[in-house]
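The file start-v4.tsv comes next; it holds TSV, C-alpha atoms and all ligand atoms.
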```tsv
chain	number	residue	atom	x	y	z
A	381	MET	CA	-67.02	66.35	18.77
A	382	VAL	CA	-64.24	63.90	18.01
A	383	LEU	CA	-61.61	63.78	20.71
A	384	LEU	CA	-58.53	61.82	19.78
A	385	CYS	CA	-56.42	61.00	22.83
A	386	PHE	CA	-53.08	60.39	21.19
A	387	ILE	CA	-51.28	59.15	24.26
A	388	ASN	CA	-47.78	59.46	22.93
A	389	PHE	CA	-48.52	63.01	21.94
A	390	LEU	CA	-49.68	63.73	25.47
A	391	LEU	CA	-46.46	62.23	26.77
A	392	ILE	CA	-44.39	64.43	24.54
A	393	MET	CA	-46.02	67.42	26.23
A	394	LYS	CA	-44.74	66.26	29.61
A	395	PRO	CA	-41.83	68.43	30.67
A	396	ASN	CA	-40.20	65.64	32.71
A	397	LEU	CA	-39.63	63.49	29.64
A	398	GLN	CA	-36.43	65.11	28.48
A	399	VAL	CA	-35.44	62.64	25.79
A	400	GLN	CA	-38.10	61.89	23.21
A	401	SER	CA	-38.34	59.71	20.14
A	402	LYS	CA	-40.11	60.64	16.92
A	403	VAL	CA	-41.64	57.18	16.57
A	404	GLN	CA	-45.25	56.62	17.73
A	405	PRO	CA	-46.36	52.97	17.72
A	406	LEU	CA	-49.74	53.23	19.51
A	407	LEU	CA	-52.53	55.80	19.62
A	408	TRP	CA	-55.56	55.36	21.88
A	409	ASP	CA	-58.62	56.93	20.31
A	410	CYS	CA	-61.39	57.66	22.81
A	411	ARG	CA	-64.06	59.41	20.79
A	412	ASP	CA	-66.50	61.31	22.94
A	413	GLY	CA	-69.35	58.93	23.68
A	414	GLY	CA	-68.36	56.64	20.81
A	415	THR	CA	-66.61	53.30	20.65
A	416	PRO	CA	-62.94	53.56	21.62
A	417	SER	CA	-60.28	52.08	19.38
A	418	LEU	CA	-56.57	51.49	19.26
A	419	HIS	CA	-54.51	52.70	16.30
A	420	VAL	CA	-51.46	50.51	15.88
A	421	LEU	CA	-48.53	51.26	13.60
A	422	ASP	CA	-48.15	48.13	11.46
A	423	GLN	CA	-44.51	47.27	12.14
A	424	ARG	CA	-44.57	44.49	9.53
A	425	LEU	CA	-44.56	47.18	6.85
A	426	LEU	CA	-41.73	49.27	8.26
A	427	PRO	CA	-39.53	50.91	7.21
A	428	HIS	CA	-41.16	51.33	3.80
A	429	GLU	CA	-44.73	52.14	4.81
A	430	LYS	CA	-46.13	53.92	7.88
A	431	LYS	CA	-49.68	52.61	8.15
A	432	TYR	CA	-51.88	52.53	11.26
A	433	LEU	CA	-54.44	49.76	11.71
A	434	GLU	CA	-57.54	50.56	13.75
A	435	LEU	CA	-58.37	47.84	16.27
A	436	THR	CA	-61.81	47.87	17.86
A	437	SER	CA	-62.04	44.45	19.52
A	438	TYR	CA	-59.90	42.39	21.85
A	439	LYS	CA	-59.81	39.59	19.24
A	440	GLN	CA	-58.12	42.00	16.81
A	441	VAL	CA	-55.65	42.92	19.56
A	442	ILE	CA	-54.78	39.24	20.08
A	443	GLU	CA	-54.29	38.79	16.34
A	444	ALA	CA	-52.08	41.92	16.11
A	445	ILE	CA	-49.88	40.67	18.96
A	446	LYS	CA	-49.64	37.17	17.46
A	447	ASN	CA	-48.88	38.27	13.91
A	448	MET	CA	-46.43	40.92	15.15
A	449	THR	CA	-48.20	43.97	13.80
A	450	LEU	CA	-46.67	45.27	17.03
A	451	ARG	CA	-44.07	43.62	19.19
A	452	GLY	CA	-41.53	44.24	21.97
A	453	ALA	CA	-42.27	43.09	25.52
A	454	PRO	CA	-43.38	46.41	27.12
A	455	LEU	CA	-45.45	47.44	24.09
A	456	ILE	CA	-47.18	44.05	24.06
A	457	GLY	CA	-48.13	44.62	27.72
A	458	ILE	CA	-49.47	48.11	27.03
A	459	THR	CA	-51.46	46.89	24.03
A	460	ALA	CA	-52.90	44.02	26.03
A	461	ALA	CA	-54.18	46.49	28.65
A	462	TYR	CA	-55.88	48.56	25.91
A	463	GLY	CA	-57.22	45.24	24.58
A	464	MET	CA	-58.95	44.73	27.94
A	465	ALA	CA	-60.49	48.22	27.62
A	466	LEU	CA	-61.83	47.24	24.18
A	467	ALA	CA	-63.17	43.97	25.63
A	468	VAL	CA	-65.56	45.91	27.86
A	469	ASN	CA	-67.74	46.56	24.79
A	470	GLU	CA	-68.16	42.86	24.35
A	471	VAL	CA	-69.39	42.22	27.88
A	472	LYS	CA	-71.88	45.10	27.88
A	473	ALA	CA	-74.72	42.79	26.85
A	474	ILE	CA	-74.21	40.83	30.08
A	475	HIS	CA	-76.42	42.44	32.72
A	476	GLU	CA	-74.84	41.65	36.06
A	477	LEU	CA	-71.48	43.14	37.00
A	478	PRO	CA	-70.03	39.94	38.57
A	479	LEU	CA	-70.81	38.06	35.35
A	480	GLN	CA	-69.23	40.83	33.26
A	481	ILE	CA	-66.09	40.56	35.39
A	482	LYS	CA	-66.10	36.78	35.09
A	483	ARG	CA	-66.18	37.09	31.29
A	484	LEU	CA	-63.42	39.72	31.35
A	485	LYS	CA	-61.28	37.33	33.39
A	486	SER	CA	-61.63	34.65	30.75
A	487	ILE	CA	-60.83	37.18	27.99
A	488	ALA	CA	-57.76	38.16	30.02
A	489	GLU	CA	-56.59	34.53	29.95
A	490	GLU	CA	-57.07	34.46	26.16
A	491	ILE	CA	-55.00	37.64	25.71
A	492	LYS	CA	-52.26	36.29	28.01
A	493	GLN	CA	-51.80	33.31	25.68
A	494	SER	CA	-51.05	35.48	22.63
A	495	ARG	CA	-47.26	35.53	23.13
A	496	PRO	CA	-45.77	33.34	25.84
A	497	THR	CA	-42.29	34.72	26.60
A	498	ALA	CA	-42.84	38.46	27.14
A	499	VAL	CA	-43.91	38.60	30.79
A	500	ASN	CA	-44.98	42.27	30.55
A	501	LEU	CA	-48.14	40.91	28.94
A	502	LYS	CA	-49.10	38.99	32.09
A	503	TRP	CA	-47.91	41.85	34.30
A	504	ALA	CA	-50.15	44.41	32.57
A	505	ILE	CA	-53.21	42.16	32.42
A	506	ASP	CA	-52.86	41.27	36.10
A	507	LEU	CA	-52.82	44.97	37.03
A	508	VAL	CA	-56.08	45.43	35.11
A	509	LEU	CA	-57.66	42.36	36.73
A	510	ASN	CA	-56.61	43.55	40.15
A	511	ASP	CA	-58.36	46.89	39.56
A	512	ILE	CA	-61.68	45.24	38.72
A	513	ALA	CA	-61.45	42.50	41.34
A	514	GLY	CA	-62.33	44.70	44.29
A	515	ASP	CA	-65.08	47.22	44.93
A	516	CYS	CA	-65.42	49.37	41.79
A	517	HIS	CA	-67.24	52.12	43.78
A	518	GLY	CA	-69.79	52.43	40.99
A	519	MET	CA	-67.16	53.50	38.47
A	520	PRO	CA	-67.86	52.05	34.99
A	521	LEU	CA	-65.56	49.17	34.01
A	522	GLN	CA	-64.63	51.02	30.82
A	523	GLU	CA	-63.33	53.95	32.83
A	524	ILE	CA	-61.40	51.82	35.34
A	525	ILE	CA	-59.66	49.73	32.69
A	526	THR	CA	-58.91	52.64	30.34
A	527	LYS	CA	-57.43	54.58	33.24
A	528	ARG	CA	-55.16	51.65	34.07
A	529	ALA	CA	-54.15	51.12	30.43
A	530	VAL	CA	-53.18	54.79	30.08
A	531	TRP	CA	-51.29	54.55	33.38
A	532	ILE	CA	-49.34	51.50	32.18
A	533	HIS	CA	-48.54	53.32	28.94
A	534	GLU	CA	-47.33	56.51	30.63
A	535	ASP	CA	-45.57	54.60	33.39
A	536	ASP	CA	-43.54	52.68	30.83
A	537	ALA	CA	-42.44	55.96	29.23
A	538	MET	CA	-41.13	57.12	32.61
A	539	ARG	CA	-39.32	53.84	33.20
A	540	CYS	CA	-37.64	54.06	29.78
A	541	GLN	CA	-36.50	57.58	30.57
A	542	LYS	CA	-34.82	56.46	33.78
A	543	ILE	CA	-33.28	53.39	32.16
A	544	GLY	CA	-31.82	55.74	29.55
A	545	GLU	CA	-30.28	57.96	32.22
A	546	HIS	CA	-28.78	55.09	34.24
A	547	GLY	CA	-27.53	53.34	31.11
A	548	ALA	CA	-25.93	56.50	29.75
A	549	LYS	CA	-23.66	56.59	32.82
A	550	ILE	CA	-22.42	53.08	32.01
A	551	VAL	CA	-21.67	54.03	28.42
A	552	GLU	CA	-19.77	57.08	29.69
A	553	THR	CA	-17.86	55.12	32.34
A	554	CYS	CA	-16.87	52.41	29.88
A	555	ARG	CA	-15.94	55.16	27.36
A	556	SER	CA	-17.90	53.24	24.78
A	557	LYS	CA	-18.23	54.77	21.33
A	558	SER	CA	-19.30	51.74	19.42
A	559	LEU	CA	-22.35	49.84	20.67
A	560	LEU	CA	-23.79	46.60	19.36
A	561	THR	CA	-27.49	45.86	19.83
A	562	ILE	CA	-29.89	43.18	18.68
A	563	CYS	CA	-33.57	43.17	17.71
A	564	ASN	CA	-35.49	46.40	18.32
A	565	THR	CA	-35.84	47.83	21.80
A	566	GLY	CA	-36.80	51.40	20.99
A	567	ALA	CA	-39.99	53.44	20.82
A	568	LEU	CA	-41.43	50.73	18.59
A	569	ALA	CA	-41.11	48.22	21.43
A	570	THR	CA	-42.16	50.30	24.45
A	571	GLY	CA	-44.33	53.17	25.68
A	572	GLY	CA	-41.40	55.58	25.61
A	573	ILE	CA	-37.92	55.94	24.14
A	574	GLY	CA	-37.06	52.29	24.63
A	575	THR	CA	-34.87	50.21	26.91
A	576	ALA	CA	-31.52	49.30	25.32
A	577	PHE	CA	-32.33	51.74	22.54
A	578	GLY	CA	-33.40	54.29	25.15
A	579	VAL	CA	-29.85	54.17	26.50
A	580	ILE	CA	-28.47	54.66	23.00
A	581	LEU	CA	-30.81	57.59	22.33
A	582	THR	CA	-30.02	59.23	25.67
A	583	VAL	CA	-26.29	59.04	25.00
A	584	HIS	CA	-26.81	60.33	21.46
A	585	LYS	CA	-28.87	63.32	22.71
A	586	LYS	CA	-26.02	64.24	25.03
A	587	ASN	CA	-24.01	64.87	21.89
A	588	GLN	CA	-21.64	62.05	22.55
A	589	ASN	CA	-20.50	60.63	19.29
A	590	ILE	CA	-21.59	57.04	19.25
A	591	LYS	CA	-21.93	54.50	16.52
A	592	VAL	CA	-24.53	51.74	16.65
A	593	PHE	CA	-24.04	48.33	15.10
A	594	ALA	CA	-27.54	46.91	14.54
A	595	ALA	CA	-27.54	43.13	14.25
A	596	GLU	CA	-30.01	42.13	11.53
A	597	THR	CA	-31.92	39.70	13.83
A	598	ARG	CA	-33.04	36.83	11.67
A	599	PRO	CA	-35.62	35.56	11.10
A	600	ARG	CA	-37.92	38.61	11.42
A	601	GLN	CA	-35.20	41.20	10.96
A	602	GLN	CA	-36.28	43.60	13.68
A	603	GLY	CA	-32.71	44.93	13.76
A	604	ALA	CA	-32.52	45.49	10.02
A	605	ARG	CA	-36.04	46.87	9.57
A	606	LEU	CA	-36.82	48.62	12.85
A	607	THR	CA	-33.62	49.57	14.69
A	608	THR	CA	-32.05	51.08	11.58
A	609	PHE	CA	-35.36	52.94	11.03
A	610	GLU	CA	-35.31	54.34	14.57
A	611	CYS	CA	-31.64	55.29	14.23
A	612	ASP	CA	-32.45	57.05	10.99
A	613	GLU	CA	-35.44	58.91	12.50
A	614	ASN	CA	-33.25	60.05	15.39
A	615	GLU	CA	-30.16	60.77	13.29
A	616	ILE	CA	-28.00	58.21	15.05
A	617	ASP	CA	-24.98	56.85	13.19
A	618	CYS	CA	-25.91	53.24	12.48
A	619	ILE	CA	-24.29	50.32	10.70
A	620	LEU	CA	-26.36	47.28	9.84
A	621	ILE	CA	-24.57	43.94	10.12
A	622	SER	CA	-25.69	40.36	9.64
A	623	ASP	CA	-26.02	38.36	12.85
A	624	THR	CA	-23.13	36.21	11.74
A	625	ALA	CA	-20.75	39.22	11.56
A	626	CYS	CA	-21.00	40.06	15.27
A	627	GLY	CA	-18.22	37.75	16.47
A	628	HIS	CA	-15.84	38.91	13.76
A	629	LEU	CA	-16.32	42.59	14.63
A	630	MET	CA	-15.90	41.92	18.34
A	631	GLN	CA	-12.67	40.04	17.66
A	632	LYS	CA	-11.40	42.94	15.54
A	633	GLY	CA	-11.97	45.39	18.42
A	634	GLU	CA	-14.75	47.26	16.65
A	635	ILE	CA	-17.34	46.82	19.42
A	636	ASP	CA	-16.92	48.52	22.82
A	637	LEU	CA	-20.14	47.41	24.50
A	638	VAL	CA	-23.14	45.18	23.81
A	639	ILE	CA	-26.58	46.22	25.02
A	640	ALA	CA	-29.83	44.26	24.62
A	641	GLY	CA	-33.38	44.29	25.94
A	642	ALA	CA	-35.30	41.51	27.69
A	643	ASP	CA	-38.59	39.68	27.50
A	644	ARG	CA	-38.41	37.98	30.87
A	645	ILE	CA	-35.81	38.04	33.63
A	646	ALA	CA	-35.77	35.24	36.21
A	647	ALA	CA	-35.14	35.75	39.94
A	648	ASN	CA	-31.47	34.79	39.46
A	649	GLY	CA	-30.88	37.23	36.56
A	650	ASP	CA	-31.09	34.70	33.72
A	651	THR	CA	-32.55	36.73	30.86
A	652	ALA	CA	-34.76	35.72	27.95
A	653	ASN	CA	-34.44	37.96	24.92
A	654	LYS	CA	-34.56	37.74	21.14
A	655	ILE	CA	-32.97	34.64	19.67
A	656	GLY	CA	-29.28	35.31	19.11
A	657	THR	CA	-28.75	37.31	22.30
A	658	TYR	CA	-27.13	34.37	24.12
A	659	GLN	CA	-24.47	33.91	21.47
A	660	LEU	CA	-23.68	37.65	21.61
A	661	ALA	CA	-23.21	37.39	25.38
A	662	VAL	CA	-20.85	34.43	25.09
A	663	LEU	CA	-18.88	36.14	22.32
A	664	ALA	CA	-18.72	39.34	24.37
A	665	LYS	CA	-17.27	37.46	27.35
A	666	GLU	CA	-14.71	35.72	25.13
A	667	ASN	CA	-13.64	39.12	23.77
A	668	ASN	CA	-13.71	40.99	27.12
A	669	ILE	CA	-16.53	43.28	26.02
A	670	PRO	CA	-19.13	44.41	28.60
A	671	PHE	CA	-22.57	42.94	27.94
A	672	TYR	CA	-25.57	44.77	29.45
A	673	ILE	CA	-29.30	44.08	29.57
A	674	ALA	CA	-31.70	47.04	29.84
A	675	ALA	CA	-35.22	46.34	31.10
A	676	PRO	CA	-37.92	47.75	33.37
A	677	LEU	CA	-38.88	45.89	36.55
A	678	SER	CA	-42.13	44.91	34.80
A	679	THR	CA	-40.00	42.48	32.76
A	680	PHE	CA	-38.84	40.56	35.84
A	681	ASP	CA	-40.69	37.40	36.78
A	682	LEU	CA	-39.77	36.29	40.27
A	683	SER	CA	-41.93	33.20	39.91
A	684	CYS	CA	-39.24	31.95	37.50
A	685	LYS	CA	-36.27	30.86	39.59
A	686	SER	CA	-33.97	30.45	36.59
A	687	ASP	CA	-33.75	29.86	32.84
A	688	SER	CA	-35.59	26.52	32.82
A	689	ASP	CA	-38.78	28.14	34.16
A	690	ILE	CA	-39.00	30.62	31.26
A	691	PRO	CA	-41.29	29.50	28.42
A	692	ILE	CA	-39.72	29.97	25.00
A	693	GLU	CA	-42.03	30.78	22.11
A	694	GLU	CA	-41.59	28.71	18.95
A	695	ARG	CA	-42.96	30.42	15.86
A	696	HIS	CA	-44.01	29.38	12.36
A	697	ALA	CA	-41.52	27.58	10.12
A	698	GLU	CA	-42.23	30.08	7.30
A	699	GLU	CA	-40.38	32.78	9.21
A	700	VAL	CA	-37.22	30.74	8.62
A	701	THR	CA	-37.94	29.10	5.27
A	702	ASN	CA	-39.13	32.31	3.58
A	703	ILE	CA	-37.59	35.70	2.91
A	704	ASN	CA	-39.93	38.43	1.69
A	705	GLY	CA	-42.69	35.87	1.16
A	706	LYS	CA	-40.49	33.61	-1.00
A	707	SER	CA	-39.21	30.22	0.01
A	708	ILE	CA	-35.42	29.90	0.08
A	709	CYS	CA	-35.18	26.16	0.63
A	710	VAL	CA	-36.52	22.81	-0.50
A	711	SER	CA	-40.14	22.34	0.46
A	712	GLY	CA	-40.82	20.14	3.45
A	713	VAL	CA	-37.49	20.87	5.13
A	714	LYS	CA	-37.62	20.34	8.90
A	715	VAL	CA	-37.42	23.63	10.80
A	716	ARG	CA	-37.03	24.81	14.40
A	717	ASN	CA	-37.85	28.46	15.07
A	718	PRO	CA	-37.35	29.42	18.73
A	719	ALA	CA	-38.05	33.16	18.94
A	720	PHE	CA	-36.05	33.74	22.14
A	721	ASP	CA	-33.09	32.35	24.03
A	722	VAL	CA	-31.93	32.72	27.61
A	723	THR	CA	-28.62	34.31	28.52
A	724	PRO	CA	-27.34	32.93	31.83
A	725	ALA	CA	-26.76	35.67	34.41
A	726	LYS	CA	-23.04	34.88	34.55
A	727	TYR	CA	-22.57	36.45	31.11
A	728	ILE	CA	-24.34	39.68	32.05
A	729	SER	CA	-22.17	42.60	33.25
A	730	GLY	CA	-25.21	44.40	34.63
A	731	ILE	CA	-28.98	44.83	34.26
A	732	ILE	CA	-30.00	48.45	33.74
A	733	THR	CA	-33.39	49.12	35.32
A	734	GLU	CA	-35.35	52.26	36.15
A	735	LYS	CA	-34.15	51.84	39.73
A	736	GLY	CA	-30.46	51.67	38.83
A	737	ILE	CA	-28.00	49.03	37.73
A	738	LEU	CA	-28.12	45.53	39.16
A	739	CYS	CA	-24.86	43.59	39.11
A	740	GLY	CA	-22.85	41.04	41.06
A	741	ASP	CA	-25.07	38.73	43.07
A	742	TYR	CA	-28.25	38.97	41.00
A	743	ILE	CA	-30.36	36.91	43.39
A	744	ASP	CA	-29.74	39.42	46.19
A	745	GLU	CA	-29.79	42.48	43.95
A	746	ILE	CA	-33.14	41.52	42.44
A	747	LYS	CA	-34.63	40.61	45.82
A	748	ASN	CA	-33.53	43.96	47.25
A	749	VAL	CA	-34.83	46.07	44.41
A	750	PHE	CA	-38.24	44.38	44.60
A	751	ASN	CA	-38.38	44.85	48.36
A	752	GLU	CA	-38.12	48.59	47.78
A	753	VAL	CA	-40.70	48.77	45.00
A	754	THR	CA	-44.48	48.93	45.10
A	755	PHE	CA	-46.43	49.20	41.87
A	756	ALA	CA	-49.36	51.64	41.90
A	801	LIG	O1	-40.24	39.09	18.95
A	801	LIG	P1	-40.13	40.52	19.41
A	801	LIG	O2	-39.81	41.47	18.31
A	801	LIG	O3	-41.34	40.92	20.22
A	801	LIG	O4	-38.90	40.50	20.40
A	801	LIG	C1	-38.53	41.70	21.02
A	801	LIG	C2	-37.32	41.55	21.87
A	801	LIG	O5	-36.76	40.50	21.99
A	801	LIG	C3	-36.90	42.76	22.63
A	801	LIG	O6	-35.52	42.76	22.82
A	801	LIG	C4	-37.59	42.79	24.00
A	801	LIG	O7	-38.96	42.57	23.86
A	801	LIG	C5	-37.35	44.05	24.72
A	801	LIG	S1	-38.13	45.42	23.93
A	801	LIG	C6	-37.87	46.76	24.90
```
Spit out the file's structure as structure tokens when you get a sec.
Amino acid sequence: MVLLCFINFLLIMKPNLQVQSKVQPLLWDCRDGGTPSLHVLDQRLLPHEKKYLELTSYKQVIEAIKNMTLRGAPLIGITAAYGMALAVNEVKAIHELPLQIKRLKSIAEEIKQSRPTAVNLKWAIDLVLNDIAGDCHGMPLQEIITKRAVWIHEDDAMRCQKIGEHGAKIVETCRSKSLLTICNTGALATGGIGTAFGVILTVHKKNQNIKVFAAETRPRQQGARLTTFECDENEIDCILISDTACGHLMQKGEIDLVIAGADRIAANGDTANKIGTYQLAVLAKENNIPFYIAAPLSTFDLSCKSDSDIPIEERHAEEVTNINGKSICVSGVKVRNPAFDVTPAKYISGIITEKGILCGDYIDEIKNVFNEVTFA
């Protein structure tokens, strides 16, 4: 019998997830007795084509993360955990358990290198490694790791839900009708409804008339391709703008609030997110517009004291020199392509987490929230 465990489908059945998205980026396929695989919606083809790629090895998972078949910090973490479950197949030929675990640890290091800024990747892999480090009580590695990967997936959905609820209160309090966001932070980037987009969706489902300005997000156009797609799927009023139009619209009073996601948040609140976020934060301050970050606690990295400790990924020049596979500039032009920037905490009105909103003295706020939290 073929048993397809479509995790997102299972989540939809959960009564405590009140707000749901129609977008399903990952499906874990655990055929009875057969080789498990991960079905990944190829986000490079969206919005024009909805095609799932079947990944059966951890090497394919690394490639899919690197080439951005899937992306978004929490989703990268979830995928990496499933990647570890797939890796178990490749250590089966090794006879002794300690040697299998040793090999899995080195595979874990390989997966961690696939994208350097999104700390959820390291967070998820470390949870998996922790599970197999101790006494496994005779439980097969495959079962232990799959159980953890599914937990990480479901757990992220719950976190998104809570972020949505906390964030919706901010939008209500600020009486914001017109929200600007950057990149894609929705179901395509997480295990649930999204972070910044989760807030937008939660407000929308409460029947509050909001309008979303989606910044295009050059060079990979996650805003233009993915956020407008998610708005369309969820019937949210959305206006696509070029990144360069954001300041103008803020100055004209057309934006009430800016909300973005995060890839890594340092212990002092400095926040790495998609390139272009920093300039939005500075422009928001100049125009007296609240600027919020929405992220789960799995995106915080307390080993980074501040911005300078956060590694910034630099990607291929072709992402900048080419549009739709065609070069737009003279060949050989020098290019820099940082994929993320860091917004200093002083520009951030608040950080919306699953545990509530952090604001004011971020060092203390972050310390306190982590003192209260234990991860399962
Ligand atoms: O390069 P990407 O598309 O992976 O970048 C994604 C972002 O910057 C998101 O804002 C961030 O990962 C948060 S997603 C909930």
**Message:** Give me, as number ranges by chain, the set of residues whose atoms come within 8 Å of any atom of ligand LIG 801 (chain A), counting only C-alpha atoms and all ligand atoms.
**Reply:** A: 448, 450-456, 498, 562-566, 569-570, 574-577, 600, 602, 640-643, 652-655, 674-675, 719-720
Enclosing box along x, y and z for every listed atom of range 694-703 of chain A, padded 4 Å each side, centre and size in Å, one decimal, as lines of an AutoDock Vina configuration file:
```
center_x = -40.6
center_y = 31.6
center_z = 10.9
size_x = 14.8
size_y = 16.1
size_z = 24.0
```
**Asked** Do you know which residues are at most 10 Å from Asp650 in chain A counting all atoms listed in the file, after dropping those on the same chain fewer than 6 positions away, and could you put them as a ChimeraX atom specification?
**Response** /A:644,680,684-688,690,722-728,742-743
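CA of Gly571 in chain A is found 21.8 Å from CA of Val592 in chain A.
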**Item:** For CA of Asp681 in chain A and CA of Ile525 in chain A, the interatomic separation in Å (one decimal)
**Value:**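 Spanning CA of Asp681 in chain A to CA of Ile525 in chain A is a straight-line distance of 23.0 Å.
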**Request:** Show which residues sit within 10 Å of Asp422 in chain A, as an MDAnalysis selection string. Count only C-alpha atoms, and ignore same-chain residues fewer than 6 positions away.
**Result:** chainID A and resid 405:406 429:434 444 448:451
**Message:** Taking all atoms listed in the file into account, name the residue in A:Gly457, A:Val579, A:Gly649, A:Phe593 that is nearest to Trp531 in chain A.
**Reply:**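 So, comparing all the options, the nearest one is A:Gly457.
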**Item:** Pick from A:Leu521, A:Ile573, A:Ile487, A:Val530, whichever lies nearest to Gln400 in chain A using only C-alpha atoms
**Value:**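 Nearest candidate to Gln400 in chain A out of A:Leu521, A:Ile573, A:Ile487, A:Val530: A:Ile573.
With all atoms listed in the file as the atoms that count, the residue of A:Ser729, A:Thr459, A:Asn717, A:Gln631 with the shortest distance to Asp536 in chain A is A:Thr459.
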**Prompt:** Is there a way to get, as a list in words, all residues within 12 Å of the point (-36.1, 59.1, 13.5) in file coordinates, counting all atoms listed in the file?
**Reply:** Gln400, Ser401, Lys402, Val403, Gln404, Pro427, Gly566, Ala567, Leu568, Ile573, Leu581, Leu606, Thr607, Thr608, Phe609, Glu610, Cys611, Asp612, Glu613, Asn614, Glu615, Ile616, Asp617 and Cys618 of chain A
**Message:** Excluding Glu745 in chain A and its own-chain neighbours fewer than 2 positions away, which residues fall within 12 Å of it when counting all atoms listed in the file? Please give them as a ChimeraX atom specification.
**Reply:** /A:647-649,730-733,735-743,747-752
**Option closest in space to Leu466 in chain A, from A:Leu418, A:Ala513, A:Ala488, A:Leu425 [counting all atoms listed in the file]** =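 Closest to Leu466 in chain A of all the choices is A:Leu418.
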**Prompt:** Suppose you want the space between CA of Ala548 in chain A and CA of Leu677 in chain A; what is it in Å?
**Reply:**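 Separation between CA of Ala548 in chain A and CA of Leu677 in chain A: 18.1 Å.
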**Request:** Find the residues around Gly627 in chain A up to 9 Å (all atoms listed in the file counted), leave out those fewer than 2 positions away in its own chain, and share them as JSON, numbers by chain.
**Result:** {"A": [623, 624, 625, 629, 630, 631, 632, 659, 660, 663, 664, 667]}
**Message:** Taking all atoms listed in the file into account, name the residue in A:Ile639, A:Cys410, A:Ile512, A:Val753 that is nearest to Lys485 in chain A.
**Reply:**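 The closest residue to Lys485 in chain A is A:Ile512.
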**Message:** Show me, as a list in words, the residues that have an atom within 8 Å of Ile532 in chain A when counting all atoms listed in the file, minus same-chain residues fewer than 4 positions from it.
**Reply:** Ile458, Ala461, Ala504, Arg528 and Asp536 of chain A
**Prompt:** How would you write as a list in words the residues that get within 8 Å of (-15.7, 56.4, 19.0) in the file's frame, counting all atoms listed in the file?
**Reply:** Ser556, Lys557, Ser558, Asn589, Ile590 and Lys591 of chain A
**Request:** Find, counting all atoms listed in the file, the residue in A:Leu509, A:Ile746, A:Met519, A:Ala594 that gets nearest to Cys626 in chain A.
**Result:**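 Of all the options, A:Ala594 lies closest to Cys626 in chain A.
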